[in-house]
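data_33.cif (mmCIF, C-alpha atoms)
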data_start
loop_
_atom_site.group_PDB
_atom_site.id
_atom_site.type_symbol
_atom_site.label_atom_id
_atom_site.label_comp_id
_atom_site.auth_asym_id
_atom_site.auth_seq_id
_atom_site.Cartn_x
_atom_site.Cartn_y
_atom_site.Cartn_z
ATOM 1 C CA MET Z 1 -4.711 67.099 29.025
ATOM 2 C CA ALA Z 2 -5.814 66.808 25.396
ATOM 3 C CA LYS Z 3 -2.384 65.542 24.483
ATOM 4 C CA SER Z 4 -2.566 62.869 27.205
ATOM 5 C CA LEU Z 5 -6.013 61.782 26.016
ATOM 6 C CA SER Z 6 -4.714 61.588 22.454
ATOM 7 C CA THR Z 7 -1.807 59.413 23.577
ATOM 8 C CA GLU Z 8 -4.171 57.145 25.491
ATOM 9 C CA GLN Z 9 -6.408 56.792 22.444
ATOM 10 C CA GLN Z 10 -3.426 55.971 20.279
ATOM 11 C CA GLN Z 11 -2.375 53.238 22.693
ATOM 12 C CA ARG Z 12 -5.862 51.723 22.696
ATOM 13 C CA LEU Z 13 -6.019 51.875 18.911
ATOM 14 C CA GLN Z 14 -2.593 50.268 18.592
ATOM 15 C CA GLN Z 15 -3.704 47.456 20.913
ATOM 16 C CA TRP Z 16 -6.869 46.986 18.879
ATOM 17 C CA ARG Z 17 -4.809 46.949 15.705
ATOM 18 C CA GLN Z 18 -2.595 44.205 17.129
ATOM 19 C CA THR Z 19 -5.670 42.204 18.153
ATOM 20 C CA LEU Z 20 -7.129 42.500 14.663
ATOM 21 C CA GLN Z 21 -3.823 41.528 13.092
ATOM 22 C CA ALA Z 22 -3.590 38.435 15.303
ATOM 23 C CA GLU Z 23 -7.123 37.413 14.328
ATOM 24 C CA TRP Z 24 -6.215 37.981 10.687
ATOM 25 C CA GLU Z 25 -3.258 35.603 10.993
ATOM 26 C CA GLN Z 26 -5.375 32.907 12.660
ATOM 27 C CA ARG Z 27 -8.165 33.107 10.098
ATOM 28 C CA CYS Z 28 -5.653 33.137 7.270
ATOM 29 C CA GLU Z 29 -4.213 29.840 8.519
ATOM 30 C CA LYS Z 30 -7.706 28.407 8.951
ATOM 31 C CA LEU Z 31 -8.615 29.438 5.395
ATOM 32 C CA LYS Z 32 -5.461 27.770 4.113
ATOM 33 C CA ARG Z 33 -6.378 24.492 5.826
ATOM 34 C CA LEU Z 34 -9.946 24.685 4.504
ATOM 35 C CA ARG Z 35 -8.738 25.199 0.944
ATOM 36 C CA ILE Z 36 -6.376 22.241 1.258
ATOM 37 C CA ASP Z 37 -9.154 20.029 2.649
ATOM 38 C CA SER Z 38 -11.514 21.152 -0.107
ATOM 39 C CA ALA Z 39 -8.932 20.399 -2.792
ATOM 40 C CA ILE Z 40 -8.546 16.771 -1.694
ATOM 41 C CA GLU Z 41 -12.097 16.025 -0.537
ATOM 42 C CA ALA Z 42 -14.012 13.627 -2.773
ATOM 43 C CA GLY Z 43 -17.430 13.652 -1.106
ATOM 44 C CA THR Z 44 -19.876 16.166 -2.579
ATOM 45 C CA ALA Z 45 -21.685 16.934 0.691
ATOM 46 C CA VAL Z 46 -18.497 17.508 2.669
ATOM 47 C CA LYS Z 47 -16.972 19.553 -0.152
ATOM 48 C CA PHE Z 48 -20.073 21.785 -0.185
ATOM 49 C CA GLN Z 49 -19.732 22.431 3.559
ATOM 50 C CA LEU Z 50 -16.054 23.239 3.150
ATOM 51 C CA GLU Z 51 -16.830 25.727 0.386
ATOM 52 C CA LYS Z 52 -19.382 27.426 2.641
ATOM 53 C CA GLN Z 53 -16.787 27.701 5.403
ATOM 54 C CA ILE Z 54 -14.278 29.115 2.926
ATOM 55 C CA GLN Z 55 -16.761 31.797 1.855
ATOM 56 C CA TYR Z 56 -17.416 32.672 5.497
ATOM 57 C CA GLU Z 57 -13.713 32.976 6.323
ATOM 58 C CA GLU Z 58 -13.084 35.105 3.231
ATOM 59 C CA ALA Z 59 -15.891 37.454 4.304
ATOM 60 C CA LYS Z 60 -14.454 37.679 7.832
ATOM 61 C CA LEU Z 61 -11.013 38.485 6.446
ATOM 62 C CA ASN Z 62 -12.468 41.291 4.342
ATOM 63 C CA ASP Z 63 -14.264 42.631 7.420
ATOM 64 C CA ILE Z 64 -11.072 42.540 9.501
ATOM 65 C CA ASP Z 65 -9.183 44.274 6.708
ATOM 66 C CA GLN Z 66 -11.747 47.076 6.681
ATOM 67 C CA GLN Z 67 -11.443 47.442 10.450
ATOM 68 C CA LEU Z 68 -7.665 47.622 10.144
ATOM 69 C CA ASN Z 69 -8.004 50.383 7.566
ATOM 70 C CA ASP Z 70 -10.356 52.300 9.900
ATOM 71 C CA VAL Z 71 -7.926 51.966 12.804
ATOM 72 C CA LYS Z 72 -5.064 53.224 10.648
ATOM 73 C CA ALA Z 73 -7.146 56.223 9.571
ATOM 74 C CA GLN Z 74 -7.947 57.075 13.200
ATOM 75 C CA LEU Z 75 -4.316 56.766 14.208
ATOM 76 C CA GLN Z 76 -3.332 59.038 11.378
ATOM 77 C CA LEU Z 77 -5.813 61.703 12.523
ATOM 78 C CA LEU Z 78 -4.582 61.519 16.108
ATOM 79 C CA SER Z 79 -0.900 61.692 15.263
ATOM 80 C CA HIS Z 80 -1.226 64.096 12.313
ATOM 81 C CA THR Z 81 1.486 62.081 10.611
ATOM 82 C CA THR Z 82 1.554 59.542 7.860
ATOM 83 C CA ILE Z 83 1.273 56.068 9.295
ATOM 84 C CA ILE Z 84 3.138 53.269 7.579
ATOM 85 C CA PRO Z 85 0.584 51.070 5.788
ATOM 86 C CA ASN Z 86 -0.146 47.659 7.217
ATOM 87 C CA THR Z 87 1.966 45.965 4.552
ATOM 88 C CA ILE Z 88 1.664 42.480 6.057
ATOM 89 C CA SER Z 89 -2.108 42.584 5.976
ATOM 90 C CA GLN Z 90 -2.306 44.191 2.545
ATOM 91 C CA ARG Z 91 0.105 41.698 1.062
ATOM 92 C CA LYS Z 92 -1.970 38.807 2.339
ATOM 93 C CA VAL Z 93 -5.213 40.381 1.090
ATOM 94 C CA HIS Z 94 -3.917 40.328 -2.449
ATOM 95 C CA GLN Z 95 -1.772 37.211 -2.403
ATOM 96 C CA THR Z 96 -3.451 34.713 -0.089
ATOM 97 C CA PRO Z 97 -6.102 33.356 -2.535
ATOM 98 C CA GLU Z 98 -3.515 32.739 -5.265
ATOM 99 C CA LEU Z 99 -1.008 31.205 -2.902
ATOM 100 C CA LEU Z 100 -3.569 28.948 -1.277
ATOM 101 C CA SER Z 101 -5.057 27.779 -4.534
ATOM 102 C CA SER Z 102 -1.612 26.707 -5.778
ATOM 103 C CA THR Z 103 -0.798 24.582 -2.730
ATOM 104 C CA ARG Z 104 0.522 21.202 -3.852
ATOM 105 C CA ILE Z 105 -0.770 18.273 -1.816
ATOM 106 C CA ILE Z 106 1.368 15.160 -2.126
ATOM 107 C CA GLU Z 107 -0.638 11.955 -1.800
ATOM 108 C CA VAL Z 108 1.174 8.980 -0.281
ATOM 109 C CA PHE Z 109 -0.253 5.472 -0.471
ATOM 110 C CA ILE Z 110 1.177 2.777 1.814
ATOM 111 C CA SER Z 111 1.040 -0.905 0.926
ATOM 112 C CA TYR Z 112 1.726 -3.253 3.830
ATOM 113 C CA SER Z 113 0.944 -6.651 5.331
ATOM 114 C CA ARG Z 114 -2.151 -6.739 7.529
ATOM 115 C CA GLN Z 115 -0.349 -8.993 9.991
ATOM 116 C CA LYS Z 116 -0.390 -7.657 13.554
ATOM 117 C CA ASP Z 117 3.333 -6.905 13.868
ATOM 118 C CA ASP Z 118 3.483 -4.956 10.613
ATOM 119 C CA GLU Z 119 0.254 -3.094 11.287
ATOM 120 C CA LYS Z 120 1.496 -1.998 14.694
ATOM 121 C CA LEU Z 121 4.647 -0.504 13.162
ATOM 122 C CA LEU Z 122 2.581 1.161 10.445
ATOM 123 C CA ASN Z 123 0.288 2.857 12.978
ATOM 124 C CA VAL Z 124 3.158 4.299 14.990
ATOM 125 C CA LEU Z 125 4.983 5.453 11.860
ATOM 126 C CA VAL Z 126 1.914 7.204 10.440
ATOM 127 C CA ASP Z 127 0.264 8.563 13.587
ATOM 128 C CA LYS Z 128 3.360 9.852 15.365
ATOM 129 C CA HIS Z 129 5.642 10.780 12.496
ATOM 130 C CA LEU Z 130 4.284 10.984 8.949
ATOM 131 C CA ASN Z 131 1.108 12.818 9.931
ATOM 132 C CA ASN Z 132 3.303 15.677 11.156
ATOM 133 C CA LEU Z 133 4.578 16.367 7.647
ATOM 134 C CA GLU Z 134 3.030 19.391 5.946
ATOM 135 C CA GLU Z 135 1.132 19.197 2.656
ATOM 136 C CA ILE Z 136 1.205 15.399 2.631
ATOM 137 C CA LYS Z 137 -1.891 13.204 2.695
ATOM 138 C CA ILE Z 138 -1.306 9.668 3.957
ATOM 139 C CA LEU Z 139 -3.541 6.816 2.824
ATOM 140 C CA HIS Z 140 -3.240 3.064 3.221
ATOM 141 C CA GLU Z 141 -5.352 -0.075 2.942
ATOM 142 C CA GLY Z 142 -6.932 0.499 6.350
ATOM 143 C CA LYS Z 143 -7.474 4.220 5.824
ATOM 144 C CA THR Z 144 -8.963 5.132 2.470
ATOM 145 C CA ILE Z 145 -11.280 8.061 1.894
ATOM 146 C CA GLY Z 146 -14.675 7.409 3.385
ATOM 147 C CA GLY Z 147 -13.237 4.666 5.584
ATOM 148 C CA GLN Z 148 -13.746 2.150 2.806
ATOM 149 C CA ASP Z 149 -11.370 -0.778 2.590
ATOM 150 C CA ASN Z 150 -12.093 -2.141 -0.854
ATOM 151 C CA LYS Z 151 -10.521 -2.684 -4.235
ATOM 152 C CA VAL Z 152 -12.173 0.320 -5.874
ATOM 153 C CA GLU Z 153 -10.862 2.819 -3.334
ATOM 154 C CA ILE Z 154 -7.416 1.279 -3.172
ATOM 155 C CA GLU Z 155 -7.166 1.161 -6.962
ATOM 156 C CA LYS Z 156 -8.125 4.818 -7.191
ATOM 157 C CA HIS Z 157 -5.529 5.981 -4.691
ATOM 158 C CA LEU Z 158 -2.826 3.648 -5.929
ATOM 159 C CA ASN Z 159 -3.181 5.198 -9.375
ATOM 160 C CA SER Z 160 -3.452 8.808 -8.159
ATOM 161 C CA SER Z 161 -0.696 8.768 -5.536
ATOM 162 C CA ASP Z 162 2.522 10.713 -5.967
ATOM 163 C CA ILE Z 163 4.435 8.352 -3.682
ATOM 164 C CA ILE Z 164 3.909 4.643 -2.947
ATOM 165 C CA LEU Z 165 5.540 3.237 0.183
ATOM 166 C CA LEU Z 166 6.047 -0.530 0.380
ATOM 167 C CA LEU Z 167 6.558 -1.719 3.961
ATOM 168 C CA ILE Z 168 9.038 -4.560 3.442
ATOM 169 C CA SER Z 169 8.924 -7.471 5.876
ATOM 170 C CA PRO Z 170 8.718 -11.300 5.778
ATOM 171 C CA ASN Z 171 4.935 -10.941 6.115
ATOM 172 C CA PHE Z 172 4.745 -8.543 3.185
ATOM 173 C CA LEU Z 173 6.805 -10.689 0.836
ATOM 174 C CA LYS Z 174 5.121 -13.924 1.926
ATOM 175 C CA ASP Z 175 1.786 -12.861 0.476
ATOM 176 C CA TYR Z 176 3.359 -10.580 -2.125
ATOM 177 C CA ASN Z 177 1.824 -12.282 -5.157
ATOM 178 C CA ASN Z 178 -1.601 -12.429 -3.515
ATOM 179 C CA LYS Z 179 -1.933 -8.714 -2.854
ATOM 180 C CA PHE Z 180 -4.347 -7.350 -5.426
ATOM 181 C CA GLU Z 181 -2.826 -3.846 -5.413
ATOM 182 C CA ILE Z 182 0.502 -5.383 -6.403
ATOM 183 C CA ASN Z 183 -1.174 -7.216 -9.278
ATOM 184 C CA LEU Z 184 -2.971 -4.042 -10.263
ATOM 185 C CA ALA Z 185 0.316 -2.173 -10.330
ATOM 186 C CA ARG Z 186 1.850 -4.828 -12.561
ATOM 187 C CA ALA Z 187 -1.087 -4.635 -14.958
ATOM 188 C CA ARG Z 188 -0.858 -0.861 -15.131
ATOM 189 C CA GLU Z 189 2.896 -0.517 -14.868
ATOM 190 C CA LYS Z 190 3.141 1.775 -17.882
ATOM 191 C CA ALA Z 191 0.646 4.189 -16.350
ATOM 192 C CA ILE Z 192 2.259 4.386 -12.927
ATOM 193 C CA LYS Z 193 4.035 7.686 -12.422
ATOM 194 C CA ALA Z 194 4.439 7.522 -8.669
ATOM 195 C CA THR Z 195 7.757 7.432 -6.871
ATOM 196 C CA VAL Z 196 8.019 3.962 -5.306
ATOM 197 C CA VAL Z 197 9.930 3.784 -2.013
ATOM 198 C CA PRO Z 198 10.600 0.553 -0.092
ATOM 199 C CA VAL Z 199 10.404 1.067 3.680
ATOM 200 C CA LEU Z 200 12.472 -1.562 5.465
ATOM 201 C CA LEU Z 201 10.513 -2.875 8.456
ATOM 202 C CA THR Z 202 11.860 -6.293 9.413
ATOM 203 C CA LYS Z 203 14.924 -8.056 8.013
ATOM 204 C CA ILE Z 204 14.378 -10.560 5.237
ATOM 205 C CA PHE Z 205 17.012 -11.980 2.916
ATOM 206 C CA GLY Z 206 16.575 -11.371 -0.787
ATOM 207 C CA TRP Z 207 14.024 -8.548 -0.630
ATOM 208 C CA GLU Z 208 15.990 -6.689 -3.307
ATOM 209 C CA ARG Z 209 15.113 -9.344 -5.912
ATOM 210 C CA PHE Z 210 11.372 -8.618 -5.905
ATOM 211 C CA THR Z 211 9.802 -6.282 -8.427
ATOM 212 C CA PHE Z 212 6.962 -3.805 -8.165
ATOM 213 C CA ALA Z 213 5.376 -2.562 -11.400
ATOM 214 C CA ASN Z 214 8.467 -3.689 -13.302
ATOM 215 C CA LEU Z 215 10.721 -1.928 -10.782
ATOM 216 C CA LYS Z 216 13.295 -4.066 -9.032
ATOM 217 C CA LEU Z 217 13.132 -3.151 -5.340
ATOM 218 C CA GLY Z 218 16.899 -3.358 -4.981
ATOM 219 C CA ASP Z 219 17.290 -0.611 -7.591
ATOM 220 C CA LEU Z 220 15.132 1.795 -5.596
ATOM 221 C CA GLU Z 221 16.248 4.098 -2.790
ATOM 222 C CA PRO Z 222 14.816 2.642 0.429
ATOM 223 C CA LEU Z 223 14.015 4.266 3.756
ATOM 224 C CA PRO Z 224 15.297 4.669 6.403
ATOM 225 C CA GLN Z 225 18.628 3.625 4.811
ATOM 226 C CA LYS Z 226 20.041 0.951 2.529
ATOM 227 C CA ASP Z 227 19.908 -2.466 4.267
ATOM 228 C CA LYS Z 228 19.097 -0.833 7.624
ATOM 229 C CA PHE Z 229 15.783 -2.253 8.782
ATOM 230 C CA ILE Z 230 13.722 -0.449 11.424
ATOM 231 C CA THR Z 231 13.705 -3.316 13.901
ATOM 232 C CA ASP Z 232 17.430 -4.044 13.632
ATOM 233 C CA ARG Z 233 18.805 -3.014 17.045
ATOM 234 C CA ARG Z 234 22.375 -3.167 15.782
ATOM 235 C CA VAL Z 235 21.511 -0.112 13.684
ATOM 236 C CA TRP Z 236 18.774 1.744 15.562
ATOM 237 C CA LYS Z 237 18.554 2.119 19.327
ATOM 238 C CA THR Z 238 14.777 2.524 19.110
ATOM 239 C CA ASN Z 239 12.124 2.332 16.402
ATOM 240 C CA ASN Z 240 11.577 6.068 16.805
ATOM 241 C CA ASP Z 241 15.116 6.790 15.614
ATOM 242 C CA ALA Z 242 14.331 4.910 12.412
ATOM 243 C CA PHE Z 243 10.884 6.490 12.088
ATOM 244 C CA TYR Z 244 12.450 9.941 12.352
ATOM 245 C CA ALA Z 245 14.835 9.084 9.515
ATOM 246 C CA ILE Z 246 11.915 7.834 7.409
ATOM 247 C CA ALA Z 247 9.908 11.028 7.958
ATOM 248 C CA GLU Z 248 12.961 13.103 7.105
ATOM 249 C CA GLY Z 249 13.570 11.075 3.962
ATOM 250 C CA LEU Z 250 9.928 11.285 2.867
ATOM 251 C CA GLU Z 251 10.037 15.066 3.287
ATOM 252 C CA LYS Z 252 12.982 15.175 0.869
ATOM 253 C CA VAL Z 253 11.149 12.980 -1.647
ATOM 254 C CA LYS Z 254 8.142 15.297 -1.408
ATOM 255 C CA THR Z 255 10.310 18.365 -1.985
ATOM 256 C CA LYS Z 256 11.815 16.864 -5.150
ATOM 257 C CA ILE Z 257 8.350 16.077 -6.524
ATOM 258 C CA VAL Z 258 7.055 19.583 -5.800
ATOM 259 C CA GLU Z 259 10.094 21.167 -7.440
ATOM 260 C CA LYS Z 260 9.496 19.194 -10.623
ATOM 261 C CA THR Z 261 5.842 20.282 -10.899
#

Take the structure I supplied and represent it as structure tokens, if you would.
Amino acid sequence: MAKSLSTEQQQRLQQWRQTLQAEWEQRCEKLKRLRIDSAIEAGTAVKFQLEKQIQYEEAKLNDIDQQLNDVKAQLQLLSHTTIIPNTISQRKVHQTPELLSSTRIIEVFISYSRQKDDEKLLNVLVDKHLNNLEEIKILHEGKTIGGQDNKVEIEKHLNSSDIILLLISPNFLKDYNNKFEINLARAREKAIKATVVPVLLTKIFGWERFTFANLKLGDLEPLPQKDKFITDRRVWKTNNDAFYAIAEGLEKVKTKIVEKT
């Protein structure tokens, strides 16, 4: 009878251990996201709230770890054998803060024409494809931090971005010389360290001749592919096929940047 009770207790403890481990995994992921958000947040008030949440999650993780240790001790007493340590949990206890703090967020700034056709393509590309990429923060003229659409914000992110995407179209090149971020880039061309990538939206002859920050667009590696514009139905059956290729290509660009840093 005692042996049966002991077995039943072991089963309950094992179930509880699994529940605690699952909660640990969830909170670990949440803590990772909070640390990423805190690293890129500019607003003082929001950053303060994020730091408070981080402290709370760290405390909860320590509490769960203690509970896991207690469960292991009880299991050891019941079985009278040495239980294998919870190596997954212990490894994360010691490594998670360092790993999370070293996460590299790649900032991508998109320059595009505010004409309706171009903006529609931009929204689909970003919302349904690029936002799915991990450790990438997407910003553009209509979506700067704080919701501000002004020269100060755009200048800041243009200069801090790791990658600059130029959405090439007749609309974009028509007002090319009037776009203040283009002029800013020209004025600060020696300071620009970002990887510039033309994204081919709609066919236009001679796009390769234009320059951005002293970079000839034709010398750059475009997305989705060389001379294959998104809206060209002879190349792509749907826009989504092209968008997929762009997301895949941007992921590779991101990987190269991370490997160099």

For Gly249 in chain Z, which residue out of Z:Arg12, Z:Lys174, Z:Thr211, Z:His129 is the nearest one, using all atoms listed in the file?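 Nearest to Gly249 in chain Z: Z:His129.
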
Separation of CA of Leu68 in chain Z from CA of Gln11 in chain Z, in Å and rounded to one decimal: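 Computing it gives 14.7 Å between the two atoms.
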
Mind pulling up the distance from CA of Trp236 in chain Z to CA of Asp219 in chain Z?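 That distance, rounded to one decimal, is 23.3 Å.
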
So how far away is CA of Leu61 in chain Z from CA of Thr44 in chain Z, in Å? 25.7 Å

Taking only C-alpha atoms into account, name the residue in Z:Ser111, Z:Gln18, Z:Thr202, Z:Asn123 that is nearest to Leu165 in chain Z.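 With only C-alpha atoms as the atom set, the closest residue is Z:Ser111.
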
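Of the listed residues (Z:Ile164, Z:Leu75, Z:Asn239, Z:Ile257), Z:Leu75 comes nearest to Glu8 in chain Z; the distances count only C-alpha atoms.
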
Here's the selection I'm unsure about, the PyMOL selection byres ((chain Z and resi 112-122) around 9); applied to the file above, which residues does it give, as JSON, numbers by chain? {"Z": [110, 111, 123, 124, 125, 126, 127, 140, 141, 142, 165, 166, 167, 168, 169, 171, 172, 173, 175, 176, 179, 201, 202, 239]}

Write out the residues from the selection above, keeping C-alpha atoms, as a short mmCIF file (atom, residue, chain, number, x, y, z; two decimals), in the frame of the given file.
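Contents of selection_5.cif, freshly written:
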data_model
loop_
_atom_site.label_atom_id
_atom_site.label_comp_id
_atom_site.auth_asym_id
_atom_site.auth_seq_id
_atom_site.Cartn_x
_atom_site.Cartn_y
_atom_site.Cartn_z
CA ILE Z 110 1.18 2.78 1.81
CA SER Z 111 1.04 -0.90 0.93
CA ASN Z 123 0.29 2.86 12.98
CA VAL Z 124 3.16 4.30 14.99
CA LEU Z 125 4.98 5.45 11.86
CA VAL Z 126 1.91 7.20 10.44
CA ASP Z 127 0.26 8.56 13.59
CA HIS Z 140 -3.24 3.06 3.22
CA GLU Z 141 -5.35 -0.08 2.94
CA GLY Z 142 -6.93 0.50 6.35
CA LEU Z 165 5.54 3.24 0.18
CA LEU Z 166 6.05 -0.53 0.38
CA LEU Z 167 6.56 -1.72 3.96
CA ILE Z 168 9.04 -4.56 3.44
CA SER Z 169 8.92 -7.47 5.88
CA ASN Z 171 4.93 -10.94 6.12
CA PHE Z 172 4.74 -8.54 3.18
CA LEU Z 173 6.80 -10.69 0.84
CA ASP Z 175 1.79 -12.86 0.48
CA TYR Z 176 3.36 -10.58 -2.12
CA LYS Z 179 -1.93 -8.71 -2.85
CA LEU Z 201 10.51 -2.88 8.46
CA THR Z 202 11.86 -6.29 9.41
CA ASN Z 239 12.12 2.33 16.40
#

Axis-aligned box for all listed atoms of range 171-176 of chain Z, 8 Å per side, centre and edges in Å to one decimal, as AutoDock Vina command-line options:
--center_x 4.3 --center_y -11.2 --center_z 2.0 --size_x 21.0 --size_y 21.4 --size_z 24.2

Please determine, counting only C-alpha atoms, which residue among Z:Leu130, Z:Phe210, Z:Ala245, Z:Lys237 has the shortest atom-to-atom distance to Pro224 in chain Z. Z:Ala245

Chain and number of each residue from the PyMOL selection byres ((chain Z and resi 105) around 6), as a PDB file with C-alpha atoms, in the frame of the given file:
ATOM      1  CA  ARG Z 104       0.522  21.202  -3.852  1.00  0.00           C
ATOM      2  CA  ILE Z 106       1.368  15.160  -2.126  1.00  0.00           C
ATOM      3  CA  GLU Z 135       1.132  19.197   2.656  1.00  0.00           C
ATOM      4  CA  ILE Z 136       1.205  15.399   2.631  1.00  0.00           C
TER       5      ILE Z 136
END

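With distances restricted to all atoms listed in the file, Z:Leu34 is the closest residue to Val46 in chain Z from Z:Leu34, Z:Leu133, Z:Ala194, Z:Val258.
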